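**Student:** Provided herewith: start_32.txt, compact mmCIF, C-alpha atoms.
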```txt
# COMPACT_ATOMS: atom_id res chain seq x y z
CA MET X 1 -17.60 58.58 10.30
CA ARG X 2 -18.51 61.25 7.78
CA HIS X 3 -22.00 59.81 7.23
CA THR X 4 -25.04 60.65 9.31
CA ARG X 5 -26.84 57.90 11.20
CA SER X 6 -29.63 57.71 8.58
CA ARG X 7 -27.13 57.73 5.73
CA ALA X 8 -25.12 55.04 7.51
CA ALA X 9 -28.18 52.84 7.74
CA ALA X 10 -28.76 53.30 4.03
CA LEU X 11 -25.16 52.41 3.31
CA LEU X 12 -25.48 49.20 5.27
CA LEU X 13 -28.44 48.24 3.12
CA ALA X 14 -26.87 49.41 -0.11
CA LEU X 15 -23.85 47.21 0.44
CA GLY X 16 -26.20 44.25 0.79
CA ALA X 17 -23.84 42.03 2.69
CA ALA X 18 -21.80 41.98 5.83
CA VAL X 19 -19.48 43.40 8.96
CA ALA X 20 -18.40 41.89 11.25
CA SER X 21 -18.77 38.99 13.10
CA LEU X 22 -15.34 37.74 13.93
CA ALA X 23 -16.45 34.14 13.61
CA PRO X 24 -14.49 32.30 10.93
CA THR X 25 -16.45 31.70 7.83
CA ALA X 26 -18.13 29.55 6.02
CA GLN X 27 -19.58 26.50 7.53
CA ALA X 28 -22.16 27.61 10.06
CA THR X 29 -24.86 25.02 10.66
CA PRO X 30 -27.87 25.26 8.35
CA ASP X 31 -30.17 24.04 11.13
CA VAL X 32 -31.40 27.46 12.26
CA PRO X 33 -34.75 27.26 14.08
CA GLU X 34 -36.37 30.50 12.97
CA MET X 35 -37.71 30.80 9.44
CA SER X 36 -37.69 34.18 7.70
CA PRO X 37 -41.26 35.32 6.92
CA GLY X 38 -39.95 37.27 3.93
CA LEU X 39 -38.23 34.22 2.46
CA VAL X 40 -41.41 32.18 2.87
CA GLN X 41 -43.42 34.93 1.15
CA ALA X 42 -40.98 35.10 -1.77
CA MET X 43 -41.13 31.33 -2.22
CA GLN X 44 -44.93 31.50 -2.20
CA ARG X 45 -44.79 34.10 -4.98
CA ASP X 46 -42.06 32.67 -7.21
CA LEU X 47 -42.46 28.91 -6.63
CA HIS X 48 -46.28 29.04 -6.38
CA LEU X 49 -46.38 27.40 -2.95
CA THR X 50 -48.68 27.85 0.00
CA LYS X 51 -47.20 29.14 3.24
CA SER X 52 -47.18 25.67 4.81
CA GLU X 53 -45.67 24.12 1.65
CA ALA X 54 -42.86 26.70 1.63
CA GLU X 55 -42.13 26.10 5.33
CA ARG X 56 -42.10 22.31 4.88
CA ARG X 57 -39.80 22.64 1.89
CA LEU X 58 -37.30 24.82 3.74
CA THR X 59 -37.23 22.33 6.61
CA ALA X 60 -36.70 19.42 4.20
CA GLU X 61 -33.94 21.27 2.35
CA ARG X 62 -32.05 21.91 5.58
CA GLN X 63 -32.15 18.18 6.24
CA ALA X 64 -31.00 17.42 2.67
CA ILE X 65 -28.00 19.75 3.06
CA THR X 66 -26.98 17.68 6.11
CA VAL X 67 -27.52 14.32 4.38
CA ASP X 68 -25.72 15.21 1.13
CA PRO X 69 -22.06 15.01 2.25
CA ARG X 70 -22.81 11.86 4.27
CA VAL X 71 -24.21 9.86 1.35
CA LYS X 72 -21.50 11.11 -0.99
CA SER X 73 -18.90 9.72 1.39
CA LEU X 74 -20.78 6.43 1.74
CA ALA X 75 -21.12 5.98 -2.02
CA GLY X 76 -17.41 6.56 -2.62
CA SER X 77 -16.32 5.83 -6.19
CA SER X 78 -19.85 4.65 -7.07
CA TYR X 79 -21.28 8.13 -6.39
CA ALA X 80 -23.17 9.36 -9.45
CA GLY X 81 -24.62 12.61 -8.13
CA SER X 82 -27.37 13.80 -5.82
CA TRP X 83 -30.29 16.23 -5.89
CA PHE X 84 -33.18 17.42 -3.76
CA ASP X 85 -36.57 16.09 -4.89
CA ALA X 86 -39.29 18.62 -4.08
CA ASP X 87 -42.02 16.01 -4.60
CA THR X 88 -40.67 13.59 -2.00
CA GLY X 89 -39.02 16.23 0.20
CA LYS X 90 -35.85 14.14 0.32
CA LEU X 91 -32.38 14.02 -1.17
CA THR X 92 -31.94 11.46 -3.97
CA VAL X 93 -28.49 9.95 -4.49
CA ALA X 94 -27.45 8.02 -7.61
CA THR X 95 -24.98 5.13 -7.39
CA THR X 96 -23.46 2.64 -9.80
CA ASP X 97 -23.31 0.03 -7.01
CA PRO X 98 -26.78 -1.33 -6.10
CA SER X 99 -25.36 -3.18 -3.07
CA LEU X 100 -25.01 0.20 -1.30
CA ALA X 101 -28.71 1.06 -1.57
CA GLY X 102 -29.56 -0.09 1.96
CA GLU X 103 -26.79 1.97 3.58
CA LEU X 104 -27.67 5.05 1.56
CA ARG X 105 -31.36 4.80 2.46
CA ALA X 106 -30.45 4.34 6.11
CA ALA X 107 -28.44 7.57 5.87
CA GLY X 108 -31.59 9.43 4.86
CA ALA X 109 -31.61 9.48 1.04
CA ASP X 110 -33.68 7.93 -1.72
CA VAL X 111 -31.52 5.90 -4.12
CA ARG X 112 -31.38 5.69 -7.91
CA ARG X 113 -29.27 3.26 -9.97
CA ALA X 114 -26.88 4.89 -12.47
CA VAL X 115 -24.75 3.58 -15.32
CA TYR X 116 -22.02 6.23 -15.16
CA SER X 117 -20.29 7.48 -12.02
CA ALA X 118 -19.92 11.18 -11.29
CA ALA X 119 -16.19 10.83 -11.91
CA ARG X 120 -16.85 9.39 -15.39
CA LEU X 121 -19.27 12.22 -16.21
CA ASP X 122 -16.87 14.84 -14.86
CA ALA X 123 -14.11 13.44 -17.09
CA ALA X 124 -16.35 13.76 -20.16
CA LYS X 125 -17.19 17.35 -19.23
CA GLU X 126 -13.53 18.20 -18.66
CA HIS X 127 -12.80 16.93 -22.18
CA LEU X 128 -15.29 19.50 -23.50
CA ASP X 129 -13.78 22.21 -21.27
CA ARG X 130 -10.48 21.80 -23.07
CA ALA X 131 -12.10 22.47 -26.45
CA GLU X 132 -12.87 25.88 -27.90
CA ALA X 133 -16.62 26.08 -28.37
CA PRO X 134 -18.25 28.10 -31.17
CA LYS X 135 -20.80 30.76 -30.24
CA GLY X 136 -23.76 28.57 -31.11
CA VAL X 137 -22.83 26.17 -28.28
CA THR X 138 -24.02 27.97 -25.15
CA ALA X 139 -23.26 25.68 -22.20
CA TRP X 140 -22.46 22.17 -21.00
CA ARG X 141 -22.81 20.48 -17.63
CA VAL X 142 -23.15 17.18 -15.84
CA ASP X 143 -26.83 16.30 -15.37
CA HIS X 144 -26.92 13.72 -12.60
CA LYS X 145 -30.62 12.99 -13.02
CA ALA X 146 -30.12 12.17 -16.71
CA ASN X 147 -26.76 10.50 -15.97
CA ARG X 148 -25.32 12.35 -18.95
CA VAL X 149 -23.32 15.44 -19.86
CA MET X 150 -25.82 17.86 -21.40
CA VAL X 151 -24.64 20.20 -24.17
CA ASP X 152 -26.88 23.18 -25.03
CA VAL X 153 -26.93 24.39 -28.63
CA VAL X 154 -28.89 27.37 -30.01
CA ALA X 155 -31.50 25.73 -32.26
CA SER X 156 -31.12 28.25 -35.08
CA GLN X 157 -27.35 27.55 -35.24
CA ARG X 158 -27.45 23.75 -34.95
CA SER X 159 -26.61 23.29 -38.64
CA ASP X 160 -23.63 25.70 -38.65
CA ASN X 161 -20.44 23.89 -39.63
CA ASP X 162 -18.52 24.87 -36.48
CA VAL X 163 -21.39 23.82 -34.24
CA ARG X 164 -21.85 20.51 -36.04
CA SER X 165 -18.12 19.80 -35.74
CA PHE X 166 -18.14 20.55 -32.00
CA VAL X 167 -21.24 18.37 -31.47
CA ASP X 168 -19.73 15.46 -33.40
CA LYS X 169 -16.55 15.59 -31.30
CA ALA X 170 -18.58 15.93 -28.10
CA LEU X 171 -20.62 12.82 -28.85
CA ARG X 172 -17.39 10.86 -29.17
CA ALA X 173 -16.19 12.06 -25.74
CA GLY X 174 -18.53 9.85 -23.73
CA PRO X 175 -22.08 9.90 -22.36
CA ILE X 176 -23.19 13.17 -24.02
CA GLN X 177 -26.69 14.41 -24.83
CA ILE X 178 -27.42 17.45 -27.03
CA ARG X 179 -30.23 19.83 -26.07
CA GLU X 180 -31.52 22.67 -28.23
CA VAL X 181 -32.17 26.06 -26.59
CA SER X 182 -33.73 29.22 -27.98
CA ALA X 183 -31.17 31.82 -26.81
CA ALA X 184 -27.60 32.27 -25.61
CA PRO X 185 -26.79 33.51 -22.08
CA ARG X 186 -25.18 36.91 -21.47
CA THR X 187 -23.64 38.68 -18.51
CA PHE X 188 -25.83 41.07 -16.50
CA ALA X 189 -23.69 44.20 -16.13
CA ALA X 190 -25.36 47.49 -17.04
CA GLY X 191 -24.56 51.10 -17.89
CA THR X 192 -24.63 53.67 -15.08
CA VAL X 193 -28.05 54.24 -13.51
CA GLY X 194 -28.32 56.56 -10.49
CA GLY X 195 -29.06 55.29 -7.01
CA ASP X 196 -27.97 51.65 -7.24
CA PRO X 197 -25.37 49.74 -5.24
CA TYR X 198 -22.02 50.19 -6.95
CA TYR X 199 -20.32 51.48 -10.03
CA THR X 200 -16.98 51.01 -11.70
CA GLY X 201 -16.23 53.03 -14.82
CA ASN X 202 -19.53 53.17 -16.74
CA VAL X 203 -20.74 49.82 -15.39
CA ARG X 204 -23.30 49.20 -12.64
CA CYS X 205 -23.29 45.88 -10.81
CA SER X 206 -24.57 44.44 -7.53
CA ILE X 207 -22.75 43.46 -4.36
CA GLY X 208 -22.69 39.77 -3.47
CA PHE X 209 -21.61 38.90 0.08
CA SER X 210 -19.44 40.68 2.59
CA VAL X 211 -16.14 39.23 3.66
CA HIS X 212 -13.67 40.50 6.21
CA GLY X 213 -12.31 43.64 4.55
CA GLY X 214 -14.77 43.98 1.68
CA PHE X 215 -17.24 42.09 -0.50
CA VAL X 216 -17.29 39.53 -3.31
CA THR X 217 -18.95 40.10 -6.68
CA ALA X 218 -18.70 39.13 -10.37
CA GLY X 219 -15.38 39.33 -12.19
CA HIS X 220 -16.85 40.77 -15.39
CA CYS X 221 -17.87 43.88 -13.44
CA GLY X 222 -14.33 45.22 -13.05
CA GLN X 223 -10.62 44.46 -13.34
CA SER X 224 -8.07 44.40 -10.52
CA GLY X 225 -7.18 47.94 -9.47
CA ALA X 226 -10.44 49.49 -10.69
CA ALA X 227 -12.02 52.04 -8.36
CA VAL X 228 -15.51 51.36 -6.98
CA ARG X 229 -18.17 53.96 -6.16
CA GLY X 230 -21.24 53.36 -4.03
CA TRP X 231 -24.92 54.11 -4.55
CA ASP X 232 -24.23 57.78 -3.76
CA HIS X 233 -21.19 57.83 -6.10
CA THR X 234 -18.72 58.33 -3.25
CA ALA X 235 -15.57 56.17 -3.17
CA VAL X 236 -16.04 52.71 -1.62
CA GLY X 237 -12.83 50.84 -2.40
CA THR X 238 -10.91 49.00 -5.10
CA PHE X 239 -11.06 45.66 -6.95
CA GLN X 240 -8.33 43.64 -5.23
CA GLY X 241 -8.73 40.57 -7.41
CA SER X 242 -10.78 39.75 -10.51
CA SER X 243 -11.06 36.85 -12.98
CA PHE X 244 -13.13 36.75 -16.19
CA PRO X 245 -13.59 34.79 -18.40
CA ASP X 246 -12.67 31.21 -17.35
CA ASN X 247 -13.98 32.30 -13.93
CA ASP X 248 -16.43 35.07 -13.05
CA TYR X 249 -15.51 36.29 -9.59
CA ALA X 250 -13.87 39.25 -7.89
CA TRP X 251 -13.45 40.89 -4.51
CA VAL X 252 -13.48 44.55 -3.57
CA SER X 253 -11.88 46.16 -0.53
CA VAL X 254 -14.09 48.51 1.52
CA GLY X 255 -12.97 51.77 3.16
CA ASN X 256 -13.60 55.52 2.90
CA GLY X 257 -16.20 55.49 5.66
CA TRP X 258 -18.11 52.49 4.30
CA TRP X 259 -18.61 49.26 6.20
CA THR X 260 -20.52 46.02 5.75
CA VAL X 261 -23.13 43.91 7.59
CA PRO X 262 -24.03 40.17 7.48
CA VAL X 263 -27.20 40.53 5.41
CA VAL X 264 -28.56 40.20 1.90
CA LEU X 265 -30.76 43.13 0.92
CA GLY X 266 -34.47 42.32 0.56
CA TRP X 267 -35.23 45.63 -1.17
CA GLY X 268 -38.51 46.00 0.72
CA THR X 269 -39.88 42.96 -1.12
CA VAL X 270 -38.83 40.80 1.82
CA PRO X 271 -37.01 41.70 5.04
CA ASP X 272 -33.21 41.79 4.76
CA GLN X 273 -31.87 38.24 5.11
CA LEU X 274 -29.16 37.30 7.61
CA VAL X 275 -26.21 35.27 6.29
CA ARG X 276 -25.18 32.49 8.67
CA GLY X 277 -22.81 30.40 6.54
CA SER X 278 -22.16 28.98 3.08
CA ASN X 279 -23.24 25.34 3.18
CA GLU X 280 -23.90 24.31 -0.41
CA ALA X 281 -27.52 23.59 -1.41
CA PRO X 282 -28.14 20.51 -3.60
CA VAL X 283 -29.63 20.50 -7.07
CA GLY X 284 -33.40 20.84 -6.70
CA ALA X 285 -33.25 23.08 -3.63
CA SER X 286 -34.98 26.46 -3.56
CA ILE X 287 -32.77 29.52 -3.92
CA CYS X 288 -33.30 33.30 -4.03
CA ARG X 289 -31.37 36.15 -5.62
CA SER X 290 -30.93 39.81 -4.67
CA GLY X 291 -29.84 42.33 -7.29
CA SER X 292 -29.93 46.06 -7.87
CA THR X 293 -32.17 45.96 -10.97
CA THR X 294 -34.83 43.32 -10.36
CA ARG X 295 -34.32 43.12 -6.58
CA TRP X 296 -35.57 39.86 -5.00
CA HIS X 297 -36.57 36.71 -6.91
CA CYS X 298 -36.60 32.98 -6.13
CA GLY X 299 -36.42 29.69 -8.00
CA THR X 300 -34.58 26.36 -7.82
CA VAL X 301 -31.05 25.05 -8.39
CA LEU X 302 -31.06 23.29 -11.79
CA ALA X 303 -27.46 22.13 -12.28
CA LYS X 304 -23.92 22.52 -10.97
CA ASN X 305 -20.44 22.68 -12.48
CA GLU X 306 -21.77 24.02 -15.79
CA THR X 307 -19.54 25.64 -18.38
CA VAL X 308 -21.23 28.67 -19.98
CA ASN X 309 -19.95 29.99 -23.31
CA TYR X 310 -20.48 33.79 -23.14
CA SER X 311 -19.51 36.00 -26.08
CA GLN X 312 -16.44 37.10 -24.04
CA GLY X 313 -15.32 33.47 -23.49
CA ALA X 314 -16.23 30.33 -21.54
CA VAL X 315 -16.74 30.44 -17.77
CA ARG X 316 -16.48 27.17 -15.85
CA GLN X 317 -17.93 25.71 -12.63
CA LEU X 318 -21.10 27.81 -12.64
CA THR X 319 -24.38 26.79 -10.99
CA LYS X 320 -27.57 27.08 -13.05
CA THR X 321 -30.90 28.24 -11.58
CA SER X 322 -34.46 28.98 -12.68
CA VAL X 323 -34.25 32.47 -11.12
CA CYS X 324 -34.64 35.44 -13.48
CA ALA X 325 -32.24 38.40 -13.67
CA GLU X 326 -31.55 41.48 -15.81
CA PRO X 327 -28.67 43.87 -16.60
CA GLY X 328 -27.31 45.45 -13.40
CA ASP X 329 -27.99 42.32 -11.29
CA SER X 330 -24.50 40.94 -12.00
CA GLY X 331 -22.48 40.16 -8.90
CA GLY X 332 -25.56 40.05 -6.66
CA SER X 333 -26.31 37.50 -3.97
CA PHE X 334 -27.70 33.99 -4.36
CA ILE X 335 -28.84 32.61 -1.01
CA SER X 336 -30.63 29.40 0.05
CA GLY X 337 -32.33 29.81 3.43
CA ASP X 338 -29.65 31.65 5.38
CA GLN X 339 -26.71 30.06 3.54
CA ALA X 340 -24.71 32.07 0.99
CA GLN X 341 -24.49 30.24 -2.35
CA GLY X 342 -22.86 32.48 -4.96
CA VAL X 343 -22.70 35.69 -7.00
CA THR X 344 -24.75 36.32 -10.14
CA SER X 345 -22.83 35.77 -13.38
CA GLY X 346 -25.27 35.87 -16.32
CA GLY X 347 -28.21 34.21 -17.99
CA TRP X 348 -30.96 34.64 -20.54
CA GLY X 349 -34.46 36.10 -20.43
CA ASN X 350 -35.81 38.67 -17.97
CA CYS X 351 -38.08 38.98 -14.95
CA SER X 352 -41.17 39.76 -17.02
CA SER X 353 -41.20 36.73 -19.31
CA GLY X 354 -38.88 34.48 -17.26
CA GLY X 355 -35.44 33.01 -17.85
CA GLN X 356 -32.50 31.24 -16.24
CA THR X 357 -29.44 32.58 -14.41
CA TRP X 358 -26.03 31.19 -13.47
CA TYR X 359 -23.93 32.03 -10.41
CA GLN X 360 -20.31 31.52 -9.38
CA PRO X 361 -20.26 29.49 -6.12
CA VAL X 362 -19.19 31.64 -3.18
CA ASN X 363 -16.98 29.02 -1.51
CA GLU X 364 -14.79 28.89 -4.62
CA ILE X 365 -14.30 32.66 -4.39
CA LEU X 366 -13.50 32.53 -0.67
CA ASN X 367 -10.94 29.77 -1.24
CA ARG X 368 -9.38 31.45 -4.26
CA TYR X 369 -8.62 34.71 -2.44
CA GLY X 370 -8.27 33.38 1.12
CA LEU X 371 -11.30 35.37 2.29
CA ARG X 372 -13.63 34.82 5.25
CA LEU X 373 -17.36 35.29 4.87
CA HIS X 374 -19.03 37.58 7.41
CA THR X 375 -21.81 35.72 9.19
CA ALA X 376 -24.48 36.64 11.71
```
When written as C-alpha cells, how does the structure in this file appear?
**Tutor:**
Amino acid sequence: MRHTRSRAAALLLALGAAVASLAPTAQATPDVPEMSPGLVQAMQRDLHLTKSEAERRLTAERQAITVDPRVKSLAGSSYAGSWFDADTGKLTVATTDPSLAGELRAAGADVRRAVYSAARLDAAKEHLDRAEAPKGVTAWRVDHKANRVMVDVVASQRSDNDVRSFVDKALRAGPIQIREVSAAPRTFAAGTVGGDPYYTGNVRCSIGFSVHGGFVTAGHCGQSGAAVRGWDHTAVGTFQGSSFPDNDYAWVSVGNGWWTVPVVLGWGTVPDQLVRGSNEAPVGASICRSGSTTRWHCGTVLAKNETVNYSQGAVRQLTKTSVCAEPGDSGGSFISGDQAQGVTSGGWGNCSSGGQTWYQPVNEILNRYGLRLHTA
C-alpha cells in the first residue's frame, strides 16, 4: 500500500463504509445485544429523549423489525400498511379484515381497521407515477396511517393552472389527499470543498455503504464512467452504474490503494457505527444519517415508497425522514440501529432551522446491481 498506517486509518474513516467480511449480505439479524453509546447519545440530542427512553426505543424497534414481515404475511390481501408507534413502543398494522385482529395481535402488533388495502393505495400512487407532474407538485406517497395517497403541493403554486389540473386528475384516481407544503425538495450535491469524502468533476458527495468491490451512493452525484477522487483528491475508482432521475442510486468501484470497512462514520459526534445488515426499519422507527457536510443527525422514518418531483425529474420509491441534511450530504448513509437503510437523495431545509430528507433504500440498490453489502 502506498499510504502510511495513519493515512490508511483516515482513509478507512473517510470512506465511511465497509471491507470485508466475506459473509453474504444483507439480512443479518437485527437482534444485536450491545447498544452503541454514540447512537443513544445522538437520539437523546435529536429526538429529545432521555438515555433510558432511547435505549427502550431501540429495543422496541428491533422487536418491531422482527414482527413486521410476520404480520404482513398474516394479513395477506387485507394488509393496509404498518408503522412503529413510539408512544406504545409497538408495531401497528392496518387491515381491511377485522376478523384477523386476534391473529395479528397474537403475532405482536397493535391493529387498526382500514378502508383501503395497501394494494389499492399502491395502485392509486402508480397512476400518479405515470403522469408528468408540474414543478409545483413536490411529492406523493402512500400514507398508511391516513389510509390515503398524500400529494404535496407548494402552497404558493396551488392556484397555477398546471398544478390545479394535476390535482384534479389525482383526486379522480382514488383515495387521494392534497397537502400544502412551504418549499420544494432539492438534491444535496455540492461544489468542491477540500477535505471531504469524495469528488467527481466539480461535485462533492458522501459515501453511503460499502459493498464487495466498492460503495453505493446517490445517482445524481455522477454518471457511469465518471472518475472518483477521495478526500485527499487521489484516485479512488469509477462509477460503475448510475441512475437519475427515476431512481437516485449508483455504485463506485474502489481501487488505487483504497479499501473499505463495515462502518458508518460518526465524525467524532458519535463513535463510528458498525453495519451488520440491511433489515428494513418500519415507518415511525428512529433513523440516523451520516454525511460529509452536516455529519451525524437523527430523526424518524416518516413515509416509504414516495415519489419526489425534483427540478431534474421525478424519483420514485424514496423513503422520507425527519432528518435534516445540506448540500454535500448526498449519497451518505442512513442507518437504523446497526442496519443499513439507504443513501441520501435530497430534501428541503437545513440543519440549523430543520427540514426533511429522502433516501433511496439500500436493498433496492444491492438488488439492482447484484451487489453484496459488507457487514461486521
**Student:** In the coordinates of the file, take the point (-20.3, 33.0, -12.0) and a cut-off of 7 Å; then, counting all atoms listed in the file, name each qualifying protein, DNA or RNA residue as a list of chain:residue names.
**Tutor:**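 Here is the list of nearby residues: X:Ala218, X:Asn247, X:Asp248, X:Tyr249, X:Leu318, X:Val343, X:Thr344, X:Ser345, X:Trp358, X:Tyr359, X:Gln360, X:Pro361.
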**Student:** Quick one: write out the picked residues with C-alpha atoms as a short mmCIF file (atom, residue, chain, number, x, y, z; two decimals), in the frame of the given file?
**Tutor:**
```cif
data_model
loop_
_atom_site.label_atom_id
_atom_site.label_comp_id
_atom_site.auth_asym_id
_atom_site.auth_seq_id
_atom_site.Cartn_x
_atom_site.Cartn_y
_atom_site.Cartn_z
CA ALA X 218 -18.70 39.13 -10.37
CA ASN X 247 -13.98 32.30 -13.93
CA ASP X 248 -16.43 35.07 -13.05
CA TYR X 249 -15.51 36.29 -9.59
CA LEU X 318 -21.10 27.81 -12.64
CA VAL X 343 -22.70 35.69 -7.00
CA THR X 344 -24.75 36.32 -10.14
CA SER X 345 -22.83 35.77 -13.38
CA TRP X 358 -26.03 31.19 -13.47
CA TYR X 359 -23.93 32.03 -10.41
CA GLN X 360 -20.31 31.52 -9.38
CA PRO X 361 -20.26 29.49 -6.12
#
```
**Student:** Tell me, in Å to one decimal, how far CA of Gly257 in chain X is from CA of Leu274 in chain X.
**Tutor:**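 According to the coordinates, CA of Gly257 in chain X and CA of Leu274 in chain X are separated by 22.4 Å.
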**Student:** Determine, for each residue of range 265-301 of chain X having at least one atom at most 12 Å from an atom of range 205-213 of chain X, the closest pair of atoms and their separation in Å to one decimal, counting all atoms listed in the file; order by chain and ascending number, as a Markdown table.
**Tutor:**
```
| residue | atom | partner | partner_atom | distance |
| --- | --- | --- | --- | --- |
| X:Leu265 | CA | X:Ile207 | CA | 9.6 |
| X:Gln273 | CA | X:Phe209 | CA | 11.4 |
| X:Leu274 | CA | X:Phe209 | CA | 10.8 |
| X:Val275 | CA | X:Phe209 | CA | 8.5 |
| X:Arg276 | CA | X:Phe209 | CA | 11.3 |
| X:Gly277 | CA | X:Phe209 | CA | 10.7 |
| X:Ser278 | CA | X:Phe209 | CA | 10.4 |
| X:Arg289 | CA | X:Gly208 | CA | 9.6 |
| X:Ser290 | CA | X:Gly208 | CA | 8.3 |
| X:Gly291 | CA | X:Ser206 | CA | 5.7 |
| X:Ser292 | CA | X:Ser206 | CA | 5.6 |
| X:Thr293 | CA | X:Ser206 | CA | 8.5 |
| X:Thr294 | CA | X:Ser206 | CA | 10.7 |
| X:Arg295 | CA | X:Ser206 | CA | 9.9 |
```
**Student:** What's the separation between CA of Trp231 in chain X and CA of Ser330 in chain X, in Å to one decimal place?
**Tutor:**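 These atoms are spaced 15.1 Å apart.
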**Student:** So which residues touch range 156-172 of chain X within 10 Å, counting all atoms listed in the file, skipping near sequence neighbours fewer than 5 positions away, as a PyMOL selection string?
**Tutor:** chain X and resi 124-125+127-128+131-137+149+151+177-178+180-183
**Student:** Using only C-alpha atoms, which of the listed residues (X:Ala54, X:Ala184, X:Ala376, X:Ala123) sits closest to Ala139 in chain X?
**Tutor:**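 The closest residue to Ala139 in chain X is X:Ala184.
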**Student:** Select, from X:Arg372, X:Lys90, X:Arg120, X:His233, the residue with the minimum atom-to-atom distance to Arg56 in chain X, counting all atoms listed in the file.
**Tutor:**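 Going through X:Arg372, X:Lys90, X:Arg120, X:His233 one by one, the smallest distance to Arg56 in chain X is for X:Lys90.
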**Student:** Calculate how many Å separate CA of Trp267 in chain X from CA of Gln63 in chain X, rounding to one decimal.
**Tutor:**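 Taking CA of Trp267 in chain X as the start and CA of Gln63 in chain X as the end point, the length is 28.6 Å.
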**Student:** Find the spatial neighbours of Ser336 in chain X, counting only C-alpha atoms, within a cut-off of 8 Å - ignore same-chain residues fewer than 2 positions away - and output them as a list in words.
**Tutor:** Ala281, Ala285, Ser286, Ile287, Cys288, Phe334, Asp338, Gln339, Ala340 and Gln341 of chain X
**Student:** Measuring atom to atom with all atoms listed in the file, identify which of X:Ala94, X:Val308, X:Val283, X:Ala250 is nearest to Tyr369 in chain X.
**Tutor:**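 Once distances to Tyr369 in chain X are computed over all atoms listed in the file, the minimum belongs to X:Ala250.
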**Student:** Check the smallest atom-to-atom distance from each of X:Gly313, X:Ser322, X:Val216, X:Leu49 to Asn367 in chain X using only C-alpha atoms, then report the winner.
**Tutor:**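 Among the listed residues, X:Val216 lies closest to Asn367 in chain X.
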**Student:** With distances taken over all atoms listed in the file, which residue among X:Trp251, X:Arg316, X:Val111, X:His297 lies nearest Arg368 in chain X?
**Tutor:**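 Among the listed residues, X:Trp251 lies closest to Arg368 in chain X.
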**Student:** Leaving out Gly354 in chain X and any residue of its chain fewer than 6 positions from it, which residues lie within 10 Å of it when counting only C-alpha atoms, given as a ChimeraX atom specification?
**Tutor:** /X:322-325,348
**Student:** For range 150-166 of chain X, take all atoms listed in the file, fit an axis-aligned box around them, add 3 Å to each of the six sides, then output centre and edge lengths in Å rounded to one decimal, as JSON.
**Tutor:**
```
{"center_x": -24.8, "center_y": 23.1, "center_z": -30.5, "size_x": 19.4, "size_y": 16.4, "size_z": 24.2}
```
**Student:** Would you mind writing range 334-348 of chain X with N, CA and C atoms, as a short mmCIF file (atom, residue, chain, number, x, y, z; two decimals), keeping the file's coordinate frame?
**Tutor:**
```
data_model
loop_
_atom_site.label_atom_id
_atom_site.label_comp_id
_atom_site.auth_asym_id
_atom_site.auth_seq_id
_atom_site.Cartn_x
_atom_site.Cartn_y
_atom_site.Cartn_z
N PHE X 334 -26.84 35.17 -4.35
CA PHE X 334 -27.70 33.99 -4.36
C PHE X 334 -27.63 33.36 -2.98
N ILE X 335 -28.80 33.13 -2.37
CA ILE X 335 -28.84 32.61 -1.01
C ILE X 335 -29.93 31.54 -0.91
N SER X 336 -29.66 30.47 -0.17
CA SER X 336 -30.63 29.40 0.05
C SER X 336 -30.87 29.33 1.55
N GLY X 337 -32.10 29.67 2.00
CA GLY X 337 -32.33 29.81 3.43
C GLY X 337 -31.48 30.95 3.94
N ASP X 338 -30.58 30.63 4.88
CA ASP X 338 -29.65 31.65 5.38
C ASP X 338 -28.21 31.34 4.99
N GLN X 339 -28.05 30.50 3.96
CA GLN X 339 -26.71 30.06 3.54
C GLN X 339 -26.32 30.70 2.21
N ALA X 340 -25.22 31.45 2.21
CA ALA X 340 -24.71 32.07 0.99
C ALA X 340 -24.36 31.00 -0.03
N GLN X 341 -24.75 31.23 -1.30
CA GLN X 341 -24.49 30.24 -2.35
C GLN X 341 -23.55 30.76 -3.43
N GLY X 342 -23.74 32.00 -3.90
CA GLY X 342 -22.86 32.48 -4.96
C GLY X 342 -23.22 33.87 -5.43
N VAL X 343 -22.48 34.36 -6.44
CA VAL X 343 -22.70 35.69 -7.00
C VAL X 343 -23.16 35.56 -8.45
N THR X 344 -24.12 36.40 -8.83
CA THR X 344 -24.75 36.32 -10.14
C THR X 344 -23.73 36.55 -11.25
N SER X 345 -23.73 35.65 -12.24
CA SER X 345 -22.83 35.77 -13.38
C SER X 345 -23.58 36.26 -14.61
N GLY X 346 -24.54 35.48 -15.12
CA GLY X 346 -25.27 35.87 -16.32
C GLY X 346 -26.44 34.95 -16.55
N GLY X 347 -27.06 35.05 -17.71
CA GLY X 347 -28.21 34.21 -17.99
C GLY X 347 -28.90 34.65 -19.26
N TRP X 348 -30.14 34.22 -19.41
CA TRP X 348 -30.96 34.64 -20.54
C TRP X 348 -32.36 34.95 -20.03
#
```
